[in-house]
$ cat target_20.cif   # mmCIF, C-alpha atoms
data_final
#
loop_
_atom_site.group_PDB
_atom_site.id
_atom_site.type_symbol
_atom_site.label_atom_id
_atom_site.label_comp_id
_atom_site.auth_asym_id
_atom_site.auth_seq_id
_atom_site.Cartn_x
_atom_site.Cartn_y
_atom_site.Cartn_z
ATOM 1 C CA MET A 1 -70.605 32.931 80.753
ATOM 2 C CA ALA A 2 -68.298 34.441 78.128
ATOM 3 C CA LEU A 3 -65.874 32.119 76.442
ATOM 4 C CA SER A 4 -62.148 32.592 76.760
ATOM 5 C CA TRP A 5 -59.385 31.589 74.403
ATOM 6 C CA TRP A 6 -55.743 30.585 74.510
ATOM 7 C CA ARG A 7 -53.540 32.542 72.133
ATOM 8 C CA LEU A 8 -50.617 30.368 71.087
ATOM 9 C CA GLU A 9 -47.495 31.977 69.653
ATOM 10 C CA LEU A 10 -44.595 30.092 68.088
ATOM 11 C CA PRO A 11 -41.605 31.326 66.044
ATOM 12 C CA CYS A 12 -41.938 29.635 62.658
ATOM 13 C CA PRO A 13 -39.002 29.125 60.254
ATOM 14 C CA PRO A 14 -40.088 29.109 56.595
ATOM 15 C CA GLU A 15 -39.316 25.388 56.257
ATOM 16 C CA LEU A 16 -41.918 24.539 58.895
ATOM 17 C CA GLU A 17 -44.849 26.696 57.803
ATOM 18 C CA ASP A 18 -46.717 24.097 55.750
ATOM 19 C CA SER A 19 -46.013 21.233 58.143
ATOM 20 C CA LEU A 20 -47.025 23.102 61.299
ATOM 21 C CA ILE A 21 -50.247 24.454 59.815
ATOM 22 C CA TRP A 22 -51.105 20.998 58.465
ATOM 23 C CA LYS A 23 -50.450 19.333 61.811
ATOM 24 C CA LEU A 24 -52.356 21.940 63.813
ATOM 25 C CA ASN A 25 -55.343 21.585 61.488
ATOM 26 C CA ALA A 26 -55.208 17.833 61.908
ATOM 27 C CA LEU A 27 -55.326 18.312 65.685
ATOM 28 C CA GLY A 28 -58.336 20.600 65.575
ATOM 29 C CA VAL A 29 -56.533 23.958 65.621
ATOM 30 C CA HIS A 30 -57.911 25.942 62.693
ATOM 31 C CA ARG A 31 -57.652 29.565 63.757
ATOM 32 C CA VAL A 32 -54.078 30.005 62.608
ATOM 33 C CA ALA A 33 -52.213 32.976 61.161
ATOM 34 C CA LEU A 34 -48.627 33.804 60.223
ATOM 35 C CA GLN A 35 -47.368 37.240 61.179
ATOM 36 C CA HIS A 36 -44.157 39.143 60.496
ATOM 37 C CA ARG A 37 -42.856 42.688 60.652
ATOM 38 C CA PRO A 38 -42.506 44.395 57.240
ATOM 39 C CA GLU A 39 -38.780 44.850 57.768
ATOM 40 C CA ALA A 40 -38.253 41.158 58.667
ATOM 41 C CA PRO A 41 -40.356 38.946 56.356
ATOM 42 C CA ASP A 42 -38.269 35.864 57.173
ATOM 43 C CA GLN A 43 -38.909 36.132 60.912
ATOM 44 C CA ARG A 44 -42.415 34.761 61.060
ATOM 45 C CA GLN A 45 -44.557 34.079 64.051
ATOM 46 C CA LEU A 46 -47.283 31.458 63.983
ATOM 47 C CA VAL A 47 -50.310 32.560 65.988
ATOM 48 C CA ALA A 48 -53.250 30.291 66.816
ATOM 49 C CA TRP A 49 -56.382 30.656 68.935
ATOM 50 C CA LEU A 50 -57.756 27.689 70.881
ATOM 51 C CA PRO A 51 -60.987 27.532 72.935
ATOM 52 C CA ALA A 52 -59.903 27.426 76.583
ATOM 53 C CA ALA A 53 -62.636 24.934 77.481
ATOM 54 C CA ASP A 54 -61.305 22.424 74.930
ATOM 55 C CA TRP A 55 -57.646 22.870 75.810
ATOM 56 C CA PRO A 56 -57.014 22.308 79.526
ATOM 57 C CA LEU A 57 -53.447 22.196 80.797
ATOM 58 C CA PRO A 58 -52.811 18.459 80.152
ATOM 59 C CA GLU A 59 -53.706 18.807 76.464
ATOM 60 C CA ARG A 60 -51.699 22.015 76.069
ATOM 61 C CA GLU A 61 -48.711 20.237 77.569
ATOM 62 C CA GLN A 62 -48.997 17.485 74.918
ATOM 63 C CA LEU A 63 -48.842 19.872 71.992
ATOM 64 C CA PRO A 64 -45.043 20.458 71.863
ATOM 65 C CA ALA A 65 -44.425 16.710 71.656
ATOM 66 C CA ALA A 66 -46.885 16.447 68.759
ATOM 67 C CA LEU A 67 -45.141 19.257 66.830
ATOM 68 C CA ALA A 68 -41.478 18.571 67.625
ATOM 69 C CA PRO A 69 -41.011 15.723 65.069
ATOM 70 C CA LEU A 70 -41.926 18.118 62.256
ATOM 71 C CA ALA A 71 -39.011 20.372 63.188
ATOM 72 C CA ALA A 72 -36.683 17.428 63.670
ATOM 73 C CA THR A 73 -37.316 16.369 60.055
ATOM 74 C CA PHE A 74 -35.477 19.520 58.952
ATOM 75 C CA GLY A 75 -32.778 19.263 61.614
ATOM 76 C CA LEU A 76 -34.385 22.027 63.666
ATOM 77 C CA ALA A 77 -35.512 22.284 67.256
ATOM 78 C CA LEU A 78 -39.064 23.418 67.954
ATOM 79 C CA ALA A 79 -39.089 26.839 69.577
ATOM 80 C CA PRO A 80 -40.878 27.184 72.930
ATOM 81 C CA LEU A 81 -44.631 27.692 72.735
ATOM 82 C CA THR A 82 -46.043 30.802 74.383
ATOM 83 C CA TRP A 83 -49.603 30.739 75.777
ATOM 84 C CA ARG A 84 -51.705 33.791 76.630
ATOM 85 C CA GLU A 85 -55.338 33.740 77.743
ATOM 86 C CA GLN A 86 -57.653 36.257 76.143
ATOM 87 C CA ALA A 87 -61.320 37.164 76.119
ATOM 88 C CA ASP A 88 -63.836 35.877 73.621
ATOM 89 C CA GLU A 89 -64.072 37.048 70.054
ATOM 90 C CA ASP A 90 -66.539 35.921 67.424
ATOM 91 C CA TRP A 91 -64.170 33.426 65.845
ATOM 92 C CA SER A 92 -66.890 31.197 64.430
ATOM 93 C CA LEU A 93 -68.097 33.814 61.965
ATOM 94 C CA SER A 94 -64.731 35.308 61.070
ATOM 95 C CA TRP A 95 -63.024 31.977 60.447
ATOM 96 C CA LYS A 96 -65.890 30.235 58.703
ATOM 97 C CA GLN A 97 -65.626 32.858 55.980
ATOM 98 C CA HIS A 98 -62.219 31.467 55.012
ATOM 99 C CA TRP A 99 -63.242 27.835 54.466
ATOM 100 C CA GLN A 100 -64.287 26.830 50.975
ATOM 101 C CA PRO A 101 -65.085 23.502 49.303
ATOM 102 C CA ASP A 102 -61.809 21.877 48.280
ATOM 103 C CA PRO A 103 -61.802 19.443 45.317
ATOM 104 C CA VAL A 104 -59.078 16.786 45.483
ATOM 105 C CA GLY A 105 -58.132 14.664 42.502
ATOM 106 C CA GLN A 106 -60.929 13.595 40.166
ATOM 107 C CA ARG A 107 -63.609 12.422 42.602
ATOM 108 C CA LEU A 108 -63.153 13.756 46.130
ATOM 109 C CA LEU A 109 -64.366 16.947 47.769
ATOM 110 C CA ILE A 110 -63.470 18.161 51.246
ATOM 111 C CA LEU A 111 -66.435 20.168 52.494
ATOM 112 C CA PRO A 112 -66.839 22.143 55.730
ATOM 113 C CA ALA A 113 -69.782 20.660 57.609
ATOM 114 C CA TRP A 114 -71.829 23.870 57.608
ATOM 115 C CA LEU A 115 -71.701 24.399 53.814
ATOM 116 C CA ASP A 116 -74.125 23.008 51.255
ATOM 117 C CA LEU A 117 -72.759 20.883 48.445
ATOM 118 C CA PRO A 118 -72.074 23.203 45.471
ATOM 119 C CA PRO A 119 -73.940 22.063 42.339
ATOM 120 C CA GLU A 120 -70.734 22.053 40.310
ATOM 121 C CA HIS A 121 -69.338 19.367 42.656
ATOM 122 C CA ALA A 122 -72.512 17.269 42.912
ATOM 123 C CA ASP A 123 -70.793 14.261 41.310
ATOM 124 C CA ARG A 124 -67.949 14.146 43.860
ATOM 125 C CA LEU A 125 -67.572 12.028 46.977
ATOM 126 C CA VAL A 126 -67.867 14.391 49.928
ATOM 127 C CA ILE A 127 -65.572 14.253 52.943
ATOM 128 C CA ARG A 128 -67.360 16.366 55.535
ATOM 129 C CA MET A 129 -65.235 17.842 58.303
ATOM 130 C CA ASP A 130 -66.306 19.794 61.356
ATOM 131 C CA PRO A 131 -63.700 22.352 62.462
ATOM 132 C CA GLY A 132 -65.111 22.117 65.949
ATOM 133 C CA SER A 133 -63.272 18.798 66.232
ATOM 134 C CA ALA A 134 -60.700 18.809 63.466
ATOM 135 C CA PHE A 135 -60.541 20.030 59.911
ATOM 136 C CA GLY A 136 -58.244 17.851 57.869
ATOM 137 C CA THR A 137 -57.991 20.258 54.976
ATOM 138 C CA GLY A 138 -56.028 17.966 52.691
ATOM 139 C CA SER A 139 -53.878 20.981 51.855
ATOM 140 C CA HIS A 140 -50.566 19.491 52.970
ATOM 141 C CA PRO A 141 -48.780 17.665 50.113
ATOM 142 C CA THR A 142 -48.510 14.392 52.026
ATOM 143 C CA THR A 143 -52.250 14.267 52.708
ATOM 144 C CA ARG A 144 -53.098 15.264 49.171
ATOM 145 C CA LEU A 145 -50.786 12.652 47.683
ATOM 146 C CA CYS A 146 -52.480 9.970 49.782
ATOM 147 C CA LEU A 147 -55.981 11.108 48.877
ATOM 148 C CA GLU A 148 -55.162 11.120 45.182
ATOM 149 C CA ALA A 149 -53.620 7.648 45.444
ATOM 150 C CA ILE A 150 -56.629 6.284 47.341
ATOM 151 C CA GLU A 151 -59.083 7.436 44.687
ATOM 152 C CA GLN A 152 -57.074 5.641 41.995
ATOM 153 C CA LEU A 153 -57.308 2.241 43.686
ATOM 154 C CA PRO A 154 -59.660 -0.099 41.785
ATOM 155 C CA SER A 155 -59.709 -2.707 44.550
ATOM 156 C CA LEU A 156 -61.147 -0.656 47.428
ATOM 157 C CA PRO A 157 -64.761 -1.949 47.482
ATOM 158 C CA GLY A 158 -65.096 -4.392 50.362
ATOM 159 C CA SER A 159 -61.532 -3.858 51.566
ATOM 160 C CA ARG A 160 -60.449 -3.677 55.184
ATOM 161 C CA VAL A 161 -58.248 -0.662 55.823
ATOM 162 C CA ALA A 162 -55.682 0.086 58.531
ATOM 163 C CA ASP A 163 -54.706 3.719 59.176
ATOM 164 C CA LEU A 164 -51.500 4.077 61.204
ATOM 165 C CA GLY A 165 -50.982 7.606 62.516
ATOM 166 C CA CYS A 166 -54.467 8.640 61.457
ATOM 167 C CA GLY A 167 -54.277 12.364 62.311
ATOM 168 C CA SER A 168 -57.700 13.808 61.515
ATOM 169 C CA GLY A 169 -59.016 10.569 59.987
ATOM 170 C CA ILE A 170 -59.403 12.081 56.537
ATOM 171 C CA LEU A 171 -57.634 9.233 54.712
ATOM 172 C CA GLY A 172 -59.745 6.503 56.285
ATOM 173 C CA ILE A 173 -62.920 8.452 55.558
ATOM 174 C CA ALA A 174 -61.858 8.824 51.912
ATOM 175 C CA ALA A 175 -61.363 5.051 51.699
ATOM 176 C CA LEU A 176 -64.807 4.399 53.172
ATOM 177 C CA LEU A 177 -66.411 6.785 50.693
ATOM 178 C CA GLN A 178 -64.926 4.720 47.892
ATOM 179 C CA GLY A 179 -66.262 1.418 49.121
ATOM 180 C CA ALA A 180 -63.951 0.133 51.852
ATOM 181 C CA SER A 181 -65.902 -1.980 54.306
ATOM 182 C CA SER A 182 -64.141 -0.857 57.494
ATOM 183 C CA VAL A 183 -61.253 1.203 58.840
ATOM 184 C CA ALA A 184 -59.204 0.511 61.956
ATOM 185 C CA ALA A 185 -57.170 3.556 62.964
ATOM 186 C CA ALA A 186 -54.627 4.396 65.633
ATOM 187 C CA ASP A 187 -52.552 7.392 66.633
ATOM 188 C CA THR A 188 -50.174 8.010 69.510
ATOM 189 C CA ASP A 189 -51.606 11.511 69.964
ATOM 190 C CA SER A 190 -54.805 11.632 72.013
ATOM 191 C CA LEU A 191 -55.826 14.851 70.242
ATOM 192 C CA ALA A 192 -55.689 13.071 66.893
ATOM 193 C CA VAL A 193 -57.753 10.161 68.237
ATOM 194 C CA ARG A 194 -60.441 12.569 69.356
ATOM 195 C CA ALA A 195 -60.329 14.410 66.026
ATOM 196 C CA THR A 196 -60.672 11.186 64.020
ATOM 197 C CA ARG A 197 -63.570 9.968 66.142
ATOM 198 C CA ASP A 198 -65.397 13.296 65.772
ATOM 199 C CA ASN A 199 -64.822 13.464 62.030
ATOM 200 C CA ALA A 200 -66.088 9.907 61.562
ATOM 201 C CA VAL A 201 -69.350 11.002 63.183
ATOM 202 C CA VAL A 202 -69.653 14.144 61.045
ATOM 203 C CA SER A 203 -68.982 12.154 57.874
ATOM 204 C CA GLY A 204 -71.474 9.422 58.791
ATOM 205 C CA PHE A 205 -69.002 6.577 59.319
ATOM 206 C CA SER A 206 -68.942 6.170 63.092
ATOM 207 C CA GLY A 207 -70.047 2.548 62.719
ATOM 208 C CA GLN A 208 -67.359 1.642 60.192
ATOM 209 C CA LEU A 209 -64.347 3.491 61.582
ATOM 210 C CA THR A 210 -62.762 2.320 64.832
ATOM 211 C CA VAL A 211 -59.982 4.417 66.360
ATOM 212 C CA ASP A 212 -57.925 4.166 69.514
ATOM 213 C CA LEU A 213 -54.825 5.549 71.176
ATOM 214 C CA GLY A 214 -51.649 3.652 70.403
ATOM 215 C CA SER A 215 -49.192 2.600 67.733
ATOM 216 C CA VAL A 216 -48.862 -0.396 65.421
ATOM 217 C CA GLU A 217 -49.415 -2.896 68.243
ATOM 218 C CA ARG A 218 -52.767 -1.353 69.126
ATOM 219 C CA LEU A 219 -53.720 -1.194 65.466
ATOM 220 C CA ALA A 220 -53.065 -4.932 65.146
ATOM 221 C CA GLU A 221 -55.366 -5.523 68.117
ATOM 222 C CA LEU A 222 -58.121 -3.471 66.504
ATOM 223 C CA LEU A 223 -57.772 -5.645 63.402
ATOM 224 C CA GLU A 224 -58.371 -8.706 65.600
ATOM 225 C CA GLY A 225 -55.544 -10.727 64.101
ATOM 226 C CA ARG A 226 -56.669 -10.216 60.490
ATOM 227 C CA PRO A 227 -54.202 -7.920 58.686
ATOM 228 C CA ALA A 228 -55.800 -5.331 56.419
ATOM 229 C CA ASP A 229 -55.958 -5.191 52.635
ATOM 230 C CA LEU A 230 -54.756 -1.586 52.593
ATOM 231 C CA LEU A 231 -52.385 0.170 54.997
ATOM 232 C CA LEU A 232 -52.409 3.974 55.128
ATOM 233 C CA CYS A 233 -49.393 5.453 56.854
ATOM 234 C CA ASN A 234 -48.929 9.221 56.603
ATOM 235 C CA ILE A 235 -46.146 9.641 59.151
ATOM 236 C CA LEU A 236 -42.501 10.689 59.154
ATOM 237 C CA ALA A 237 -39.875 8.458 57.534
ATOM 238 C CA PRO A 238 -37.898 7.751 60.747
ATOM 239 C CA VAL A 239 -41.114 6.588 62.417
ATOM 240 C CA ILE A 240 -41.921 4.324 59.463
ATOM 241 C CA GLU A 241 -38.436 2.827 59.827
ATOM 242 C CA ALA A 242 -39.021 2.104 63.490
ATOM 243 C CA LEU A 243 -42.449 0.558 62.965
ATOM 244 C CA CYS A 244 -41.968 -1.418 59.755
ATOM 245 C CA PRO A 245 -40.856 -4.677 61.470
ATOM 246 C CA ALA A 246 -44.473 -4.956 62.683
ATOM 247 C CA PHE A 247 -46.110 -4.166 59.340
ATOM 248 C CA THR A 248 -46.840 -7.867 58.779
ATOM 249 C CA THR A 249 -49.303 -7.681 61.680
ATOM 250 C CA VAL A 250 -51.372 -4.937 60.025
ATOM 251 C CA LEU A 251 -50.988 -5.546 56.271
ATOM 252 C CA ALA A 252 -51.905 -8.817 54.543
ATOM 253 C CA PRO A 253 -49.289 -10.593 52.367
ATOM 254 C CA ASP A 254 -51.156 -9.615 49.196
ATOM 255 C CA GLY A 255 -52.097 -6.151 50.497
ATOM 256 C CA LEU A 256 -50.998 -2.674 49.479
ATOM 257 C CA GLY A 257 -49.469 0.054 51.618
ATOM 258 C CA LEU A 258 -49.489 3.787 50.923
ATOM 259 C CA LEU A 259 -46.685 5.520 52.804
ATOM 260 C CA SER A 260 -46.447 9.280 52.876
ATOM 261 C CA GLY A 261 -45.124 11.909 55.281
ATOM 262 C CA LEU A 262 -41.636 11.388 53.882
ATOM 263 C CA LEU A 263 -39.257 13.647 52.030
ATOM 264 C CA VAL A 264 -38.190 12.537 48.561
ATOM 265 C CA ASP A 265 -34.525 12.445 49.573
ATOM 266 C CA GLN A 266 -35.422 10.047 52.407
ATOM 267 C CA ALA A 267 -36.864 7.492 49.965
ATOM 268 C CA PRO A 268 -33.671 5.512 49.137
ATOM 269 C CA ARG A 269 -32.842 4.804 52.758
ATOM 270 C CA LEU A 270 -36.455 3.948 53.564
ATOM 271 C CA GLN A 271 -36.622 1.573 50.595
ATOM 272 C CA ALA A 272 -33.512 -0.223 51.845
ATOM 273 C CA VAL A 273 -34.863 -0.562 55.371
ATOM 274 C CA LEU A 274 -38.192 -1.894 54.107
ATOM 275 C CA ALA A 275 -36.427 -4.345 51.791
ATOM 276 C CA GLU A 276 -34.623 -5.799 54.807
ATOM 277 C CA GLN A 277 -38.072 -6.572 56.227
ATOM 278 C CA GLY A 278 -39.242 -8.255 53.036
ATOM 279 C CA TRP A 279 -41.158 -5.331 51.518
ATOM 280 C CA ARG A 280 -40.859 -3.819 48.044
ATOM 281 C CA ALA A 281 -41.346 -0.058 48.178
ATOM 282 C CA GLU A 282 -41.465 2.325 45.227
ATOM 283 C CA LEU A 283 -41.625 6.105 45.109
ATOM 284 C CA SER A 284 -44.784 6.506 43.051
ATOM 285 C CA ALA A 285 -45.659 10.205 43.370
ATOM 286 C CA GLN A 286 -44.242 13.430 44.705
ATOM 287 C CA GLN A 287 -45.214 17.037 45.292
ATOM 288 C CA SER A 288 -42.504 19.560 46.030
ATOM 289 C CA GLN A 289 -40.062 17.806 48.399
ATOM 290 C CA TRP A 290 -42.682 15.377 49.733
ATOM 291 C CA GLY A 291 -43.169 11.868 48.383
ATOM 292 C CA LEU A 292 -45.575 8.921 48.374
ATOM 293 C CA MET A 293 -44.393 5.306 48.366
ATOM 294 C CA THR A 294 -46.364 2.174 47.541
ATOM 295 C CA LEU A 295 -45.574 -0.903 49.603
ATOM 296 C CA ARG A 296 -46.037 -4.554 48.656
ATOM 297 C CA ARG A 297 -44.657 -7.816 49.890
ATOM 298 C CA GLY A 298 -41.358 -8.553 48.125
#
$ encode --input "target_20.cif" --output "structure tokens"
Amino acid sequence: MALSWWRLELPCPPELEDSLIWKLNALGVHRVALQHRPEAPDQRQLVAWLPAADWPLPEREQLPAALAPLAATFGLALAPLTWREQADEDWSLSWKQHWQPDPVGQRLLILPAWLDLPPEHADRLVIRMDPGSAFGTGSHPTTRLCLEAIEQLPSLPGSRVADLGCGSGILGIAALLQGASSVAAADTDSLAVRATRDNAVVSGFSGQLTVDLGSVERLAELLEGRPADLLLCNILAPVIEALCPAFTTVLAPDGLGLLSGLLVDQAPRLQAVLAEQGWRAELSAQQSQWGLMTLRRG
């Protein structure tokens, strides 16, 4: 039986391009393009193709809620999503041609699962991702900032890691590659949970990475009452604000947190909110308008 596809169309303001593509990739949507008419370059349309068998109605209905917070960050409302069913095309060949090995920082390499390790990157730690489940490309500044910060941590070997809002699981996998003993991960998006679980298998860490649907409360349960040594939290600043009162349940008193997903101009307010909860947060890195904060007990 021939496959069929859903064609998703969404008006895309310039401010949202990077964030939407990053989020869709994290959720397993990799066949994405931006289109515009020559006479209207600022009026862009995001177009994505999703296998119909993997995206039944309940999962398609969840997608707007997963994307809306990205628009809200810029004071925008997410435009309605348009779905059209279309016949099969040979996406696997056409889209695989676009994926290349992606070095990150000094030691990491994000590698599509079907590619061999290039000799020039033989000394790097390889994060393998299968775009059939999710391809966390690491291309978004917030993900890249976190990956670069993780590889600079000297205390990772043997550490227990908590990943709150895990997306595609790429951050937890990077920590495991650098010696972390285990990762407990949680996300409120069922698509992200599935993507993280699949990517853990592809990368060879299914036994060390545990993931489930939920927020900080569920993450604390996965940690079995023993807060982690390292907290990874690549989510939006308003969500960090809402969840930080429970950070003591997932991060040990002498632990370190890496908070990303925030805009640089949101850092002062977030620092103040965290200080009220007994945490000392510092803006330690930034790329474009996005920032990374380190978190320690005050």
$ residues_around --input "target_20.cif" --residues "range 68-75 of chain A" --least-positions-apart "4" --cutoff "10 Å" --atoms "only C-alpha atoms" --output "list in words"
Cys12, Pro13, Glu15, Leu16, Ser19, Leu20, Lys23, Leu63, Pro64, Ala79, Ile235, Leu236, Ala237, Pro238, Val239, Gly261, Leu262 and Leu263 of chain A
$ atom_distance --input "target_20.cif" --atom1 "CA of Leu274 in chain A" --atom2 "CA of Pro227 in chain A"
17.7 Å
$ residues_around --input "target_20.cif" --residues "Ala48 in chain A" --least-positions-apart "2" --cutoff "6 Å" --atoms "all atoms listed in the file" --output "number ranges by chain"
A: 7-8, 31-32
$ closest_residue --input "target_20.cif" --among "A:Leu171, A:Leu115, A:Cys146, A:Ala65" --to "Gln287 in chain A" --atoms "only C-alpha atoms"
A:Cys146
$ residues_around --input "target_20.cif" --residues "Cys233 in chain A" --least-positions-apart "3" --cutoff "9 Å" --atoms "all atoms listed in the file" --output "list in words"
Cys146, Ala162, Asp163, Leu164, Gly165, Cys166, Leu236, Ile240, Gly257, Leu258, Leu259, Ser260 and Gly261 of chain A
$ resolve_selection --input "target_20.cif" --expression "the PyMOL selection byres ((chain A and resi 250) around 6)" --output "PyMOL selection string"
chain A and resi 220+227-228+247-249+251
$ write_last_selection --input "target_20.cif" --atoms "C-alpha atoms" --output "tab-separated table (two decimals), in the frame of the given file"
chain	number	residue	atom	x	y	z
A	220	ALA	CA	-53.06	-4.93	65.15
A	227	PRO	CA	-54.20	-7.92	58.69
A	228	ALA	CA	-55.80	-5.33	56.42
A	247	PHE	CA	-46.11	-4.17	59.34
A	248	THR	CA	-46.84	-7.87	58.78
A	249	THR	CA	-49.30	-7.68	61.68
A	251	LEU	CA	-50.99	-5.55	56.27
$ closest_residue --input "target_20.cif" --among "A:Leu117, A:Ala52, A:Val183, A:Leu108" --to "Gln86 in chain A" --atoms "all atoms listed in the file"
A:Ala52
$ atom_distance --input "target_20.cif" --atom1 "CA of Ala185 in chain A" --atom2 "CA of Glu17 in chain A"
26.7 Å
$ closest_residue --input "target_20.cif" --among "A:Leu46, A:Leu147, A:Ala252, A:Ala113" --to "Arg160 in chain A" --atoms "all atoms listed in the file"
A:Ala252
$ closest_residue --input "target_20.cif" --among "A:Arg107, A:His140, A:Arg197, A:Arg128" --to "Gln289 in chain A" --atoms "only C-alpha atoms"
A:His140
$ atom_distance --input "target_20.cif" --atom1 "CA of Pro11 in chain A" --atom2 "CA of Leu78 in chain A"
8.5 Å
$ closest_residue --input "target_20.cif" --among "A:Gly172, A:Pro141, A:Pro268, A:Pro154" --to "Ser288 in chain A" --atoms "all atoms listed in the file"
A:Pro141
$ residues_around --input "target_20.cif" --residues "range 188-190 of chain A" --least-positions-apart "6" --cutoff "10 Å" --atoms "all atoms listed in the file" --output "list of chain:residue names"
A:Leu27, A:Glu59, A:Gln62, A:Leu63, A:Ala65, A:Ala66, A:Leu164, A:Gly165, A:Cys166, A:Gly167, A:Thr196, A:Asp212, A:Leu213, A:Gly214, A:Ser215, A:Val216, A:Arg218
$ axis_aligned_box --input "target_20.cif" --around "range 273-278 of chain A" --padding-each-side "8 Å" --output "lines of an AutoDock Vina configuration file"
center_x = -36.9
center_y = -4.4
center_z = 54.0
size_x = 20.6
size_y = 23.7
size_z = 20.4
$ closest_residue --input "target_20.cif" --among "A:Met129, A:Thr143, A:Pro58, A:Ser159" --to "Asp18 in chain A" --atoms "all atoms listed in the file"
A:Thr143
$ residues_near_point --input "target_20.cif" --point "(-65.6, 5.9, 62.5)" --cutoff "9 Å" --atoms "all atoms listed in the file" --output "mmCIF file with C-alpha atoms, keeping the file's coordinate frame"
data_model
loop_
_atom_site.group_PDB
_atom_site.id
_atom_site.type_symbol
_atom_site.label_atom_id
_atom_site.label_comp_id
_atom_site.auth_asym_id
_atom_site.auth_seq_id
_atom_site.Cartn_x
_atom_site.Cartn_y
_atom_site.Cartn_z
ATOM 1 C CA GLY A 169 -59.016 10.569 59.987
ATOM 2 C CA GLY A 172 -59.745 6.503 56.285
ATOM 3 C CA ILE A 173 -62.920 8.452 55.558
ATOM 4 C CA SER A 182 -64.141 -0.857 57.494
ATOM 5 C CA VAL A 183 -61.253 1.203 58.840
ATOM 6 C CA ALA A 184 -59.204 0.511 61.956
ATOM 7 C CA ALA A 185 -57.170 3.556 62.964
ATOM 8 C CA THR A 196 -60.672 11.186 64.020
ATOM 9 C CA ARG A 197 -63.570 9.968 66.142
ATOM 10 C CA ASP A 198 -65.397 13.296 65.772
ATOM 11 C CA ASN A 199 -64.822 13.464 62.030
ATOM 12 C CA ALA A 200 -66.088 9.907 61.562
ATOM 13 C CA VAL A 201 -69.350 11.002 63.183
ATOM 14 C CA SER A 203 -68.982 12.154 57.874
ATOM 15 C CA GLY A 204 -71.474 9.422 58.791
ATOM 16 C CA PHE A 205 -69.002 6.577 59.319
ATOM 17 C CA SER A 206 -68.942 6.170 63.092
ATOM 18 C CA GLY A 207 -70.047 2.548 62.719
ATOM 19 C CA GLN A 208 -67.359 1.642 60.192
ATOM 20 C CA LEU A 209 -64.347 3.491 61.582
ATOM 21 C CA THR A 210 -62.762 2.320 64.832
ATOM 22 C CA VAL A 211 -59.982 4.417 66.360
#
$ residues_around --input "target_20.cif" --residues "range 118-125 of chain A" --least-positions-apart "6" --cutoff "12 Å" --atoms "all atoms listed in the file" --output "PyMOL selection string"
chain A and resi 100-112+147+151+173-179+203
$ build_atoms --input "target_20.cif" --residues "range 105-114 of chain A" --atoms "N, CA, C and O atoms" --output "short mmCIF file (atom, residue, chain, number, x, y, z; two decimals), in the coordinates of the input"
data_model
loop_
_atom_site.label_atom_id
_atom_site.label_comp_id
_atom_site.auth_asym_id
_atom_site.auth_seq_id
_atom_site.Cartn_x
_atom_site.Cartn_y
_atom_site.Cartn_z
N GLY A 105 -58.15 15.67 43.55
CA GLY A 105 -58.13 14.66 42.50
C GLY A 105 -59.34 14.78 41.60
O GLY A 105 -59.88 15.86 41.35
N GLN A 106 -59.82 13.62 41.12
CA GLN A 106 -60.93 13.60 40.17
C GLN A 106 -62.29 13.40 40.82
O GLN A 106 -63.31 13.77 40.25
N ARG A 107 -62.32 12.85 42.05
CA ARG A 107 -63.61 12.42 42.60
C ARG A 107 -63.92 12.96 43.99
O ARG A 107 -65.06 12.91 44.42
N LEU A 108 -62.94 13.41 44.73
CA LEU A 108 -63.15 13.76 46.13
C LEU A 108 -63.40 15.25 46.32
O LEU A 108 -62.94 16.09 45.55
N LEU A 109 -64.13 15.56 47.38
CA LEU A 109 -64.37 16.95 47.77
C LEU A 109 -64.34 17.03 49.29
O LEU A 109 -65.05 16.31 49.97
N ILE A 110 -63.49 17.90 49.82
CA ILE A 110 -63.47 18.16 51.25
C ILE A 110 -64.37 19.36 51.49
O ILE A 110 -64.17 20.44 50.93
N LEU A 111 -65.39 19.16 52.33
CA LEU A 111 -66.44 20.17 52.49
C LEU A 111 -66.65 20.50 53.97
O LEU A 111 -66.93 19.60 54.76
N PRO A 112 -66.50 21.76 54.36
CA PRO A 112 -66.84 22.14 55.73
C PRO A 112 -68.28 21.75 56.05
O PRO A 112 -69.17 21.88 55.20
N ALA A 113 -68.50 21.27 57.26
CA ALA A 113 -69.78 20.66 57.61
C ALA A 113 -70.96 21.62 57.48
O ALA A 113 -72.09 21.18 57.27
N TRP A 114 -70.72 22.91 57.61
CA TRP A 114 -71.83 23.87 57.61
C TRP A 114 -72.21 24.34 56.20
O TRP A 114 -73.20 25.04 56.03
#
